[in-house]
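Engineer: Sharing a structure below in structure tokens format, with a few things to ask.
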Amino acid sequence: MLQVVCIKQVADTETRVKIAPDGKSLDPAGVTWILNPYDEFAIEQALAVREKLGTGEVVVVSLGPAGAATTLRNALAMGADRAIHLRAERPFDSLGVARALAGAIGPLAPGLIWLGRQAVDDDAAQVGPMLAELLDLPCVTVVAGFELEGSRAVVEREIEGGREVVEVTLPAVFTTDKGLNQPRYASLKGIMAAKKKPIEEKPVEPGEAALEVVALELPPPRAAGRIVGQGVAAVPELVRVLREEARVI
Amino acid sequence: MGVLVFIEQRGGQVRPLAREVLGEATRLAARLGGPVVGVCAAAQDPGLAALGDAGASRVLLARHEAFAQYHAAGYTRAVAAAVEAVKPAVVLFGASAIGKDLAPRVAARLGVGLATDCVALSAEGGRVIATRPVYAGKAIQKVAFPKVPAIVSLRPKVFAPVATNGNAAAVEDLPLAYDPATSRARVTRLAASSGGKPDLTESEIIVSGGRGLKGPENFKIVEELADALGATVGASRAVVDAGWRPHADQVGQTGKTVSPKLYVAVGISGAIQHLAGMSSSRCIVAINKDPEAPIFKVADYGLVGDLFEVVPALAKAVRELNAHGA
Ligand SMILES: Cc1cc2nc3c(=O)[nH]c(=O)nc-3n(C[C@H](O)[C@H](O)[C@H](O)COP(=O)(O)OP(=O)(O)OC[C@H]3O[C@@H](n4cnc5c(N)ncnc54)[C@H](O)[C@@H]3O)c2cc1C
Ligand SMILES: Nc1ncnc2c1ncn2[C@@H]1O[C@H](COP(=O)(O)O)[C@@H](O)[C@H]1O
């Protein structure tokens, strides 16, 4: 069974956000780029399934500028077999990404398609279910447990106040949550092997925009708070302000 | 024209979040013009007429046995059919587990843009702008919608419901040319986990504990304060990773995003990834023995002290307040 994992290169979560002069995007100066943390669970799960089946190919796909190739190389070092780089110089909106991915992935007819639950830059959490809709496939988002049973998968996801168990007939799309598995590190051997694995590059152009970013701003600072006091002696004052000022208790 | 709202039900009950979303729909419709219409998929009418009070003038109901549970393909078609019937300018969802799964499917089906987990909406000269935190809350993005309808999901607990003394909403059947039995995904089981307590994302008050508690057994201190306040217990990642609390309790970038009216952080340092999950709370209280802890920078009220002394005293004071009433 062929599996596809969609991965995104994002700014490191420790990044200090600076706004670019266009007032709409992140200033890339000094940013460290990493593999989207949720996508690590997606790669790991695909590799685990391949190992369990003892056969099949894991193809990683990323849409982005030249730098995205580094991220693809990381995934190859973890153990993916080959990569497709959808080369795009400008950012796409989520629907644009999903359409480009659908175009590249559809012809591969994968049994399983894996994505992260969300990219930690735009925090959109859109591309997985959009891709599923475009490919007319079932999709389970934010997966925290996964069992493959022949041509079916039994998966678990966290919902408000509980866990939902979903049975899905393959082919299907899944987006992965933290806790699904423990992603492996690339071994030295893996890193060496990755250098010889193929990355196919295909240019893609954004279609019609569905969403337009009009501004990126730093959040308004929270109004300065105050220290009500020290130790147990300050408890009555804390209770008073919560009751009389904030009116929350 | 107007605003279409996805009405989420579970177990035959309308979720409280639906009223928050209807509240914002009502305010938006006042600026954009047109009615507020709901769309719901369910096995039976979960009492939709009562949503007239929350701002809906009518609600379209797609009814099928299979819709008792969340059914992605069927719910997607129901909302798409309602868009076809109502031709709204905006479609609103709550950013719940179901709303987050459903809204992108609907947007892809309609070929329009979606802004997820928004914290504000505006309409200037008929142009809808959605405001949403990005980069784990370190920046705020404003987006516009080149296509109609604009699709938006709203962060729970941020938007106030409205209480109109309006009429009952008209409930109308929404026929679907779709057989849910053909779906290749099926919810087979729902296991409740939190012992009747509301989920973190739906809680009015949250008391979260961090590594400052020193060990899992000490969480009873946090639980006692939570009980006194009628709050739900949350946790930092450090204590979830240590196995002291389940992942469902984690607040932050890789956990839940919450916006309660009161968030009490006990023994939590306030790492940026934790702040990502709770900085949109209305009132933040921090209890920490280190006056330099970053949590004090976002806290409305800080108390510097040893949590092992302060928290039980606070719980006691709150219990006394509850006992003596106003
Ligand atoms: C990619 C990524 C994602 C992450 N996602 C999350 C996330 O979703 N949520 C999250 O919370 N973290 C997340 N983190 C981890 C985060 O960076 C911090 O490590 C974590 O939040 C720290 O937890 P803590 O505040 O409980 O522990 P610490 O940072 O160890 O803080 C403990 C605090 O307790 C105080 N304390 C100690 N003893 C007492 C006492 N007796 N009385 C009062 N105060 C006391 C100390 O002064 C200290 O401030 C993430 C990190 C990364 C890299
Ligand atoms: N440019 C991209 N290239 C490949 N996969 C992507 C891209 N953007 C998003 N994804 C995938 O979609 C998931 C959700 O992203 P998002 O919807 O942007 O939050 C990510 O975790 C990736 O798996």
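Each chain in the structure tokens gets a letter, A, B, ..., in the order shown, and its residues are numbered from 1; ligands are numbered from 1 in order too.
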Would you mind listing, for every residue of chain A within 9 Å of ligand 2, the two atoms forming the shortest contact and the distance between them in Å to one decimal, using only C-alpha atoms and all ligand atoms, sorted by chain and ascending residue number, as a Markdown table?

Structural biologist:
| residue | atom | partner | partner_atom_place_in_ligand_line | distance |
| --- | --- | --- | --- | --- |
| A:Val5 | CA | ligand 2 | 23 (O) | 7.0 |
| A:Cys6 | CA | ligand 2 | 5 (N) | 4.0 |
| A:Ile7 | CA | ligand 2 | 5 (N) | 4.1 |
| A:Lys8 | CA | ligand 2 | 2 (C) | 4.5 |
| A:Gln9 | CA | ligand 2 | 1 (N) | 7.3 |
| A:Asn36 | CA | ligand 2 | 21 (O) | 6.3 |
| A:Pro37 | CA | ligand 2 | 21 (O) | 7.9 |
| A:Tyr38 | CA | ligand 2 | 21 (O) | 5.7 |
| A:Asp39 | CA | ligand 2 | 21 (O) | 5.1 |
| A:Glu40 | CA | ligand 2 | 21 (O) | 8.8 |
| A:Ala42 | CA | ligand 2 | 23 (O) | 7.4 |
| A:Val60 | CA | ligand 2 | 4 (C) | 8.5 |
| A:Val61 | CA | ligand 2 | 4 (C) | 5.7 |
| A:Ser62 | CA | ligand 2 | 4 (C) | 3.7 |
| A:Leu63 | CA | ligand 2 | 3 (N) | 3.7 |
| A:Gly64 | CA | ligand 2 | 1 (N) | 5.4 |
| A:Ala68 | CA | ligand 2 | 3 (N) | 8.5 |
| A:His85 | CA | ligand 2 | 3 (N) | 8.5 |
| A:Leu86 | CA | ligand 2 | 3 (N) | 7.7 |
| A:Ala88 | CA | ligand 2 | 1 (N) | 8.7 |
| A:Pro91 | CA | ligand 2 | 1 (N) | 8.0 |
| A:Phe92 | CA | ligand 2 | 1 (N) | 7.6 |
| A:Asp93 | CA | ligand 2 | 18 (O) | 8.4 |
| A:Ser94 | CA | ligand 2 | 18 (O) | 6.0 |
| A:Leu95 | CA | ligand 2 | 17 (O) | 8.9 |
| A:Val97 | CA | ligand 2 | 1 (N) | 5.9 |
| A:Ala98 | CA | ligand 2 | 6 (C) | 7.8 |
| A:Ala100 | CA | ligand 2 | 3 (N) | 8.9 |
| A:Leu101 | CA | ligand 2 | 4 (C) | 7.1 |
| A:Trp114 | CA | ligand 2 | 23 (O) | 6.8 |
| A:Leu115 | CA | ligand 2 | 23 (O) | 3.4 |
| A:Gly116 | CA | ligand 2 | 21 (O) | 3.1 |
| A:Arg117 | CA | ligand 2 | 21 (O) | 5.3 |
| A:Gln118 | CA | ligand 2 | 19 (O) | 3.3 |
| A:Ala119 | CA | ligand 2 | 19 (O) | 3.7 |
| A:Val120 | CA | ligand 2 | 19 (O) | 6.7 |
| A:Asp121 | CA | ligand 2 | 19 (O) | 7.6 |
| A:Asp122 | CA | ligand 2 | 18 (O) | 5.9 |
| A:Asp123 | CA | ligand 2 | 19 (O) | 4.8 |
| A:Ala124 | CA | ligand 2 | 19 (O) | 3.7 |
| A:Ala125 | CA | ligand 2 | 19 (O) | 3.5 |
| A:Gln126 | CA | ligand 2 | 17 (O) | 3.6 |
| A:Val127 | CA | ligand 2 | 17 (O) | 3.8 |
| A:Gly128 | CA | ligand 2 | 12 (O) | 5.4 |
| A:Pro129 | CA | ligand 2 | 17 (O) | 8.5 |
| A:Met130 | CA | ligand 2 | 17 (O) | 8.5 |
| A:Leu131 | CA | ligand 2 | 12 (O) | 8.8 |
| A:Thr175 | CA | ligand 2 | 13 (C) | 7.2 |
| A:Thr176 | CA | ligand 2 | 21 (O) | 8.0 |

Engineer: Give one line per residue of stretch 114-231 of chain B that approaches stretch 71-95 of chain B to at most 12 Å, naming the two atoms of the closest pair and their distance in Å to one decimal, counting only C-alpha atoms; sort by chain then ascending residue number and deliver it as a Markdown table.

Structural biologist:
| residue | atom | partner | partner_atom | distance |
| --- | --- | --- | --- | --- |
| B:Leu114 | CA | B:Val91 | CA | 9.4 |
| B:Ala115 | CA | B:Leu92 | CA | 9.9 |
| B:Thr116 | CA | B:Ala95 | CA | 7.1 |
| B:Asp117 | CA | B:Ala95 | CA | 5.6 |
| B:Cys118 | CA | B:Ala95 | CA | 8.3 |
| B:Val119 | CA | B:Ala95 | CA | 10.4 |
| B:Leu121 | CA | B:Leu92 | CA | 10.7 |
| B:Ser122 | CA | B:Val90 | CA | 11.6 |
| B:Ala123 | CA | B:Val90 | CA | 10.7 |
| B:Gly126 | CA | B:Ala89 | CA | 9.4 |
| B:Arg127 | CA | B:Ala89 | CA | 9.9 |
| B:Val128 | CA | B:Val90 | CA | 8.4 |
| B:Ile129 | CA | B:Val90 | CA | 10.9 |
| B:Ala130 | CA | B:Val90 | CA | 11.1 |
| B:Arg132 | CA | B:Ala95 | CA | 11.9 |
| B:Ala144 | CA | B:Val90 | CA | 11.7 |
| B:Phe145 | CA | B:Val90 | CA | 9.7 |
| B:Pro146 | CA | B:Ala89 | CA | 11.6 |
| B:Lys147 | CA | B:Ala89 | CA | 9.4 |
| B:Val148 | CA | B:Ala89 | CA | 6.0 |
| B:Pro149 | CA | B:Ala89 | CA | 4.7 |
| B:Ala150 | CA | B:Val90 | CA | 4.7 |
| B:Ile151 | CA | B:Val91 | CA | 4.8 |
| B:Val152 | CA | B:Leu92 | CA | 5.1 |
| B:Ser153 | CA | B:Phe93 | CA | 4.4 |
| B:Leu154 | CA | B:Gly94 | CA | 4.8 |
| B:Arg155 | CA | B:Ala95 | CA | 5.2 |
| B:Pro156 | CA | B:Ala95 | CA | 6.4 |
| B:Lys157 | CA | B:Gly94 | CA | 9.7 |
| B:Val158 | CA | B:Gly94 | CA | 10.4 |
| B:Phe159 | CA | B:Gly94 | CA | 10.0 |
| B:Glu172 | CA | B:Ala82 | CA | 11.0 |
| B:Asp173 | CA | B:Ala82 | CA | 10.5 |
| B:Leu174 | CA | B:Ala82 | CA | 7.5 |
| B:Pro175 | CA | B:Ala78 | CA | 8.4 |
| B:Leu176 | CA | B:Ala78 | CA | 6.8 |
| B:Ala177 | CA | B:Arg77 | CA | 8.9 |
| B:Tyr178 | CA | B:Gly74 | CA | 7.4 |
| B:Asp179 | CA | B:Gly74 | CA | 8.2 |
| B:Pro180 | CA | B:Gly74 | CA | 6.0 |
| B:Ala181 | CA | B:Gly74 | CA | 9.6 |
| B:Thr182 | CA | B:Ala73 | CA | 9.4 |
| B:Ser183 | CA | B:Ala73 | CA | 6.7 |
| B:Arg184 | CA | B:Ala73 | CA | 8.9 |
| B:Ala185 | CA | B:His71 | CA | 7.7 |
| B:Arg186 | CA | B:His71 | CA | 7.0 |
| B:Val187 | CA | B:His71 | CA | 7.5 |
| B:Thr188 | CA | B:His71 | CA | 10.9 |
| B:Thr201 | CA | B:Ala95 | CA | 9.9 |
| B:Glu202 | CA | B:Ala95 | CA | 11.2 |

Engineer: Give as a ChimeraX atom specification the residues surrounding ligand 1 up to a distance of 8 Å, considering only C-alpha atoms and all ligand atoms.

Structural biologist: /A:13-14,37 /B:209-214,235-239,250-256,266-277,287-291,293-295,304-308

Engineer: Using only C-alpha atoms, determine which residues lie at most 6 Å from A:Ala215, disregarding the query and same-chain residues fewer than 3 positions distant; provide the list as a count of residues only.

Structural biologist: 4

Engineer: Run DSSP on the backbone and tell me which residues of stretch 2-248 of chain A come out as strand (DSSP E or B); list them as a tab-separated table (two decimals) with N, CA, C and O atoms, in the first residue's frame.

Structural biologist:
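Now in selection.tsv:
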chain	number	residue	atom	x	y	z
A	3	GLN	N	1.46	5.06	0.84
A	3	GLN	CA	0.97	6.07	1.78
A	3	GLN	C	1.59	7.42	1.44
A	3	GLN	O	2.76	7.47	1.04
A	4	VAL	N	0.82	8.47	1.62
A	4	VAL	CA	1.34	9.82	1.41
A	4	VAL	C	1.31	10.58	2.73
A	4	VAL	O	0.34	10.48	3.49
A	5	VAL	N	2.37	11.32	3.01
A	5	VAL	CA	2.39	12.20	4.18
A	5	VAL	C	2.62	13.63	3.69
A	5	VAL	O	3.59	13.90	2.97
A	6	CYS	N	1.71	14.53	4.05
A	6	CYS	CA	1.86	15.94	3.67
A	6	CYS	C	2.55	16.67	4.81
A	6	CYS	O	2.10	16.61	5.95
A	9	GLN	N	6.92	23.09	6.11
A	9	GLN	CA	8.01	23.74	6.81
A	9	GLN	C	7.44	25.01	7.47
A	9	GLN	O	6.76	25.80	6.83
A	10	VAL	N	7.72	25.16	8.76
A	10	VAL	CA	7.17	26.30	9.51
A	10	VAL	C	8.27	26.97	10.33
A	10	VAL	O	9.33	26.40	10.55
A	11	ALA	N	7.96	28.19	10.78
A	11	ALA	CA	8.89	28.88	11.68
A	11	ALA	C	8.92	28.14	13.01
A	11	ALA	O	7.88	27.70	13.51
A	19	ILE	N	6.93	41.58	12.29
A	19	ILE	CA	6.06	41.75	11.13
A	19	ILE	C	6.88	42.34	9.97
A	19	ILE	O	7.65	43.28	10.15
A	26	LEU	N	5.07	37.42	8.11
A	26	LEU	CA	6.16	37.31	9.08
A	26	LEU	C	7.45	37.75	8.42
A	26	LEU	O	7.74	37.37	7.29
A	33	TRP	N	13.80	27.47	10.52
A	33	TRP	CA	12.68	26.74	9.92
A	33	TRP	C	12.74	25.29	10.34
A	33	TRP	O	13.80	24.67	10.35
A	34	ILE	N	11.59	24.77	10.72
A	34	ILE	CA	11.51	23.38	11.17
A	34	ILE	C	10.36	22.65	10.49
A	34	ILE	O	9.49	23.28	9.87
A	35	LEU	N	10.37	21.34	10.63
A	35	LEU	CA	9.23	20.53	10.22
A	35	LEU	C	8.10	20.80	11.21
A	35	LEU	O	8.32	20.76	12.43
A	58	VAL	N	6.28	4.98	1.28
A	58	VAL	CA	5.84	6.21	1.94
A	58	VAL	C	6.37	7.41	1.15
A	58	VAL	O	7.59	7.58	1.03
A	59	VAL	N	5.44	8.20	0.61
A	59	VAL	CA	5.81	9.36	-0.20
A	59	VAL	C	5.50	10.62	0.60
A	59	VAL	O	4.37	10.78	1.07
A	60	VAL	N	6.49	11.49	0.79
A	60	VAL	CA	6.23	12.75	1.49
A	60	VAL	C	6.07	13.86	0.47
A	60	VAL	O	6.80	13.91	-0.54
A	61	VAL	N	5.11	14.76	0.74
A	61	VAL	CA	4.82	15.85	-0.18
A	61	VAL	C	4.82	17.15	0.59
A	61	VAL	O	4.23	17.24	1.67
A	62	SER	N	5.48	18.17	0.05
A	62	SER	CA	5.43	19.48	0.68
A	62	SER	C	5.30	20.56	-0.37
A	62	SER	O	5.96	20.51	-1.42
A	63	LEU	N	4.44	21.54	-0.09
A	63	LEU	CA	4.31	22.69	-0.97
A	63	LEU	C	5.01	23.87	-0.29
A	63	LEU	O	4.73	24.17	0.87
A	64	GLY	N	5.92	24.48	-1.00
A	64	GLY	CA	6.61	25.62	-0.42
A	64	GLY	C	7.79	26.04	-1.28
A	64	GLY	O	8.05	25.44	-2.33
A	82	ARG	N	10.40	8.38	-0.81
A	82	ARG	CA	10.67	9.42	-1.82
A	82	ARG	C	9.84	10.65	-1.52
A	82	ARG	O	8.94	10.60	-0.68
A	83	ALA	N	10.16	11.74	-2.22
A	83	ALA	CA	9.52	13.01	-1.90
A	83	ALA	C	9.06	13.73	-3.15
A	83	ALA	O	9.65	13.57	-4.23
A	84	ILE	N	8.01	14.51	-2.98
A	84	ILE	CA	7.55	15.40	-4.05
A	84	ILE	C	7.55	16.82	-3.48
A	84	ILE	O	6.93	17.07	-2.44
A	85	HIS	N	8.25	17.70	-4.15
A	85	HIS	CA	8.30	19.10	-3.72
A	85	HIS	C	7.46	19.93	-4.69
A	85	HIS	O	7.84	20.11	-5.84
A	86	LEU	N	6.33	20.41	-4.20
A	86	LEU	CA	5.49	21.30	-5.01
A	86	LEU	C	6.04	22.70	-4.79
A	86	LEU	O	5.82	23.31	-3.74
A	87	ARG	N	6.77	23.16	-5.77
A	87	ARG	CA	7.56	24.37	-5.59
A	87	ARG	C	6.69	25.60	-5.82
A	87	ARG	O	6.14	25.81	-6.90
A	112	LEU	N	-3.54	5.38	2.38
A	112	LEU	CA	-3.59	6.24	3.57
A	112	LEU	C	-2.92	7.57	3.25
A	112	LEU	O	-1.82	7.59	2.67
A	113	ILE	N	-3.57	8.65	3.65
A	113	ILE	CA	-2.98	9.98	3.50
A	113	ILE	C	-2.91	10.60	4.90
A	113	ILE	O	-3.91	10.64	5.62
A	114	TRP	N	-1.73	11.05	5.27
A	114	TRP	CA	-1.50	11.58	6.61
A	114	TRP	C	-1.14	13.06	6.55
A	114	TRP	O	-0.35	13.48	5.70
A	115	LEU	N	-1.71	13.82	7.49
A	115	LEU	CA	-1.33	15.22	7.66
A	115	LEU	C	-1.26	15.51	9.16
A	115	LEU	O	-1.77	14.73	9.97
A	116	GLY	N	-0.68	16.64	9.51
A	116	GLY	CA	-0.72	17.07	10.89
A	116	GLY	C	-2.08	17.70	11.18
A	116	GLY	O	-2.81	18.09	10.27
A	139	CYS	N	-12.40	11.13	6.18
A	139	CYS	CA	-11.31	11.79	6.90
A	139	CYS	C	-11.62	11.78	8.38
A	139	CYS	O	-12.76	12.00	8.78
A	140	VAL	N	-10.62	11.50	9.19
A	140	VAL	CA	-10.77	11.68	10.63
A	140	VAL	C	-9.67	12.64	11.08
A	140	VAL	O	-8.50	12.44	10.76
A	141	THR	N	-10.08	13.69	11.79
A	141	THR	CA	-9.12	14.71	12.21
A	141	THR	C	-8.68	14.48	13.66
A	141	THR	O	-9.40	13.86	14.45
A	142	VAL	N	-7.52	14.99	13.99
A	142	VAL	CA	-6.99	15.01	15.36
A	142	VAL	C	-6.98	13.59	15.95
A	142	VAL	O	-7.54	13.33	17.01
A	143	VAL	N	-6.34	12.69	15.23
A	143	VAL	CA	-6.33	11.28	15.61
A	143	VAL	C	-5.30	11.04	16.72
A	143	VAL	O	-4.15	11.44	16.62
A	144	ALA	N	-5.75	10.37	17.79
A	144	ALA	CA	-4.86	10.08	18.92
A	144	ALA	C	-4.63	8.59	19.10
A	144	ALA	O	-3.87	8.17	19.97
A	145	GLY	N	-5.32	7.76	18.31
A	145	GLY	CA	-5.12	6.31	18.37
A	145	GLY	C	-5.45	5.71	17.02
A	145	GLY	O	-6.42	6.15	16.38
A	146	PHE	N	-4.65	4.74	16.56
A	146	PHE	CA	-4.84	4.22	15.21
A	146	PHE	C	-4.54	2.73	15.17
A	146	PHE	O	-3.47	2.29	15.61
A	147	GLU	N	-5.49	1.93	14.66
A	147	GLU	CA	-5.27	0.50	14.42
A	147	GLU	C	-5.70	0.18	13.00
A	147	GLU	O	-6.81	0.54	12.59
A	148	LEU	N	-4.83	-0.51	12.29
A	148	LEU	CA	-5.18	-0.93	10.93
A	148	LEU	C	-5.70	-2.35	11.02
A	148	LEU	O	-5.06	-3.23	11.61
A	149	GLU	N	-6.90	-2.59	10.44
A	149	GLU	CA	-7.48	-3.94	10.44
A	149	GLU	C	-7.88	-4.26	9.01
A	149	GLU	O	-9.00	-4.00	8.60
A	152	ARG	N	-9.67	-1.70	6.75
A	152	ARG	CA	-10.34	-0.72	7.62
A	152	ARG	C	-9.35	-0.17	8.63
A	152	ARG	O	-8.36	-0.83	8.96
A	153	ALA	N	-9.67	0.99	9.16
A	153	ALA	CA	-8.90	1.51	10.29
A	153	ALA	C	-9.88	1.84	11.40
A	153	ALA	O	-11.00	2.30	11.14
A	154	VAL	N	-9.46	1.57	12.63
A	154	VAL	CA	-10.24	1.97	13.79
A	154	VAL	C	-9.42	3.04	14.51
A	154	VAL	O	-8.30	2.78	14.94
A	155	VAL	N	-9.97	4.23	14.59
A	155	VAL	CA	-9.19	5.34	15.12
A	155	VAL	C	-9.93	6.02	16.27
A	155	VAL	O	-11.15	5.92	16.39
A	156	GLU	N	-9.16	6.68	17.11
A	156	GLU	CA	-9.73	7.41	18.24
A	156	GLU	C	-9.36	8.86	18.13
A	156	GLU	O	-8.24	9.22	17.73
A	157	ARG	N	-10.31	9.70	18.52
A	157	ARG	CA	-10.02	11.13	18.58
A	157	ARG	C	-10.64	11.71	19.83
A	157	ARG	O	-11.65	11.21	20.34
A	158	GLU	N	-10.01	12.76	20.32
A	158	GLU	CA	-10.51	13.40	21.52
A	158	GLU	C	-11.58	14.41	21.12
A	158	GLU	O	-11.37	15.20	20.20
A	159	ILE	N	-12.71	14.36	21.80
A	159	ILE	CA	-13.71	15.40	21.60
A	159	ILE	C	-14.05	15.99	22.96
A	159	ILE	O	-13.57	15.49	23.97
A	162	GLY	N	-14.69	13.65	26.12
A	162	GLY	CA	-14.61	12.23	25.86
A	162	GLY	C	-13.77	11.86	24.66
A	162	GLY	O	-13.05	12.69	24.11
A	163	ARG	N	-13.87	10.58	24.29
A	163	ARG	CA	-13.15	10.08	23.13
A	163	ARG	C	-14.14	9.44	22.18
A	163	ARG	O	-15.04	8.73	22.61
A	164	GLU	N	-13.93	9.67	20.91
A	164	GLU	CA	-14.80	9.15	19.88
A	164	GLU	C	-14.03	8.05	19.15
A	164	GLU	O	-12.86	8.24	18.84
A	165	VAL	N	-14.68	6.91	18.90
A	165	VAL	CA	-14.05	5.85	18.11
A	165	VAL	C	-14.70	5.85	16.74
A	165	VAL	O	-15.93	5.83	16.63
A	166	VAL	N	-13.89	5.89	15.69
A	166	VAL	CA	-14.42	5.96	14.33
A	166	VAL	C	-13.86	4.80	13.52
A	166	VAL	O	-12.66	4.52	13.59
A	167	GLU	N	-14.73	4.14	12.78
A	167	GLU	CA	-14.29	3.09	11.86
A	167	GLU	C	-14.33	3.63	10.45
A	167	GLU	O	-15.32	4.21	10.02
A	168	VAL	N	-13.24	3.42	9.74
A	168	VAL	CA	-13.11	4.02	8.41
A	168	VAL	C	-12.66	2.96	7.41
A	168	VAL	O	-11.79	2.16	7.70
A	169	THR	N	-13.29	2.98	6.24
A	169	THR	CA	-12.84	2.10	5.15
A	169	THR	C	-11.81	2.87	4.32
A	169	THR	O	-12.05	4.02	3.95
A	172	ALA	N	-8.31	6.60	2.96
A	172	ALA	CA	-8.82	7.65	3.84
A	172	ALA	C	-7.71	8.62	4.23
A	172	ALA	O	-6.52	8.33	4.07
A	173	VAL	N	-8.16	9.76	4.75
A	173	VAL	CA	-7.26	10.83	5.18
A	173	VAL	C	-7.31	10.94	6.71
A	173	VAL	O	-8.40	10.86	7.29
A	174	PHE	N	-6.16	11.12	7.33
A	174	PHE	CA	-6.11	11.28	8.78
A	174	PHE	C	-5.23	12.47	9.14
A	174	PHE	O	-4.19	12.67	8.53
A	175	THR	N	-5.65	13.24	10.15
A	175	THR	CA	-4.75	14.28	10.67
A	175	THR	C	-4.36	13.89	12.09
A	175	THR	O	-5.19	13.41	12.87
A	176	THR	N	-3.09	14.06	12.41
A	176	THR	CA	-2.53	13.46	13.62
A	176	THR	C	-2.37	14.47	14.76
A	176	THR	O	-2.02	15.62	14.56
A	199	ILE	N	13.98	13.45	-4.73
A	199	ILE	CA	12.97	14.50	-4.50
A	199	ILE	C	12.56	15.02	-5.87
A	199	ILE	O	13.36	15.61	-6.59
A	200	GLU	N	11.31	14.78	-6.21
A	200	GLU	CA	10.80	15.23	-7.51
A	200	GLU	C	10.26	16.65	-7.33
A	200	GLU	O	9.43	16.89	-6.45
A	201	GLU	N	10.71	17.58	-8.14
A	201	GLU	CA	10.24	18.96	-8.00
A	201	GLU	C	9.25	19.32	-9.10
A	201	GLU	O	9.51	19.09	-10.27
A	202	LYS	N	8.11	19.88	-8.67
A	202	LYS	CA	7.08	20.30	-9.65
A	202	LYS	C	6.65	21.71	-9.30
A	202	LYS	O	6.20	21.95	-8.18
A	203	PRO	N	6.74	22.64	-10.24
A	203	PRO	CA	6.26	23.99	-9.94
A	203	PRO	C	4.74	24.02	-9.87
A	203	PRO	O	4.07	23.32	-10.62
A	212	GLU	N	-7.95	36.27	1.78
A	212	GLU	CA	-6.96	37.32	1.56
A	212	GLU	C	-6.50	37.84	2.92
A	212	GLU	O	-7.32	38.30	3.71
A	213	VAL	N	-5.20	37.74	3.19
A	213	VAL	CA	-4.69	38.30	4.44
A	213	VAL	C	-4.61	39.81	4.27
A	213	VAL	O	-3.94	40.30	3.37
A	214	VAL	N	-5.30	40.56	5.12
A	214	VAL	CA	-5.24	42.02	5.01
A	214	VAL	C	-4.28	42.62	6.02
A	214	VAL	O	-3.78	43.72	5.81
A	215	ALA	N	-3.99	41.91	7.11
A	215	ALA	CA	-3.03	42.44	8.09
A	215	ALA	C	-2.50	41.35	8.98
A	215	ALA	O	-3.19	40.36	9.27
A	216	LEU	N	-1.24	41.51	9.39
A	216	LEU	CA	-0.66	40.70	10.46
A	216	LEU	C	-0.15	41.69	11.48
A	216	LEU	O	0.63	42.60	11.15
A	217	GLU	N	-0.59	41.54	12.71
A	217	GLU	CA	-0.23	42.51	13.75
A	217	GLU	C	0.26	41.80	14.98
A	217	GLU	O	-0.08	40.64	15.21
A	226	ARG	N	-1.52	43.38	38.08
A	226	ARG	CA	-0.79	43.79	39.27
A	226	ARG	C	-0.67	42.65	40.26
A	226	ARG	O	-1.46	41.70	40.25
A	227	ILE	N	0.33	42.75	41.08
A	227	ILE	CA	0.55	41.78	42.15
A	227	ILE	C	-0.30	42.25	43.33
A	227	ILE	O	-0.13	43.37	43.80
A	228	VAL	N	-1.23	41.41	43.75
A	228	VAL	CA	-2.09	41.84	44.85
A	228	VAL	C	-1.41	41.68	46.20
A	228	VAL	O	-1.84	42.28	47.18
A	229	GLY	N	-0.35	40.87	46.23
A	229	GLY	CA	0.35	40.74	47.51
A	229	GLY	C	1.13	39.46	47.59
A	229	GLY	O	1.28	38.73	46.61
A	230	GLN	N	1.64	39.21	48.79
A	230	GLN	CA	2.51	38.07	49.03
A	230	GLN	C	1.86	37.10	50.01
A	230	GLN	O	1.34	37.53	51.05

Engineer: For chain A, which of B:Leu102, B:Val162, B:Ala43, B:Ala120 is the closest residue, counting only C-alpha atoms?

Structural biologist: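 Result for the nearest residue to chain A: B:Leu102.
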
Engineer: What's around stretch 67-70 of chain B at 8 Å? Count only C-alpha atoms, leave out sequence neighbours fewer than 6 positions away in its own chain, and write the answer as a list in words.

Structural biologist: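 Listed by chain and then number, they are Arg10, Gly11, Gly12, Ala41, Ala42, Ala43, Gln44, Ile98 and Val187 of chain B.
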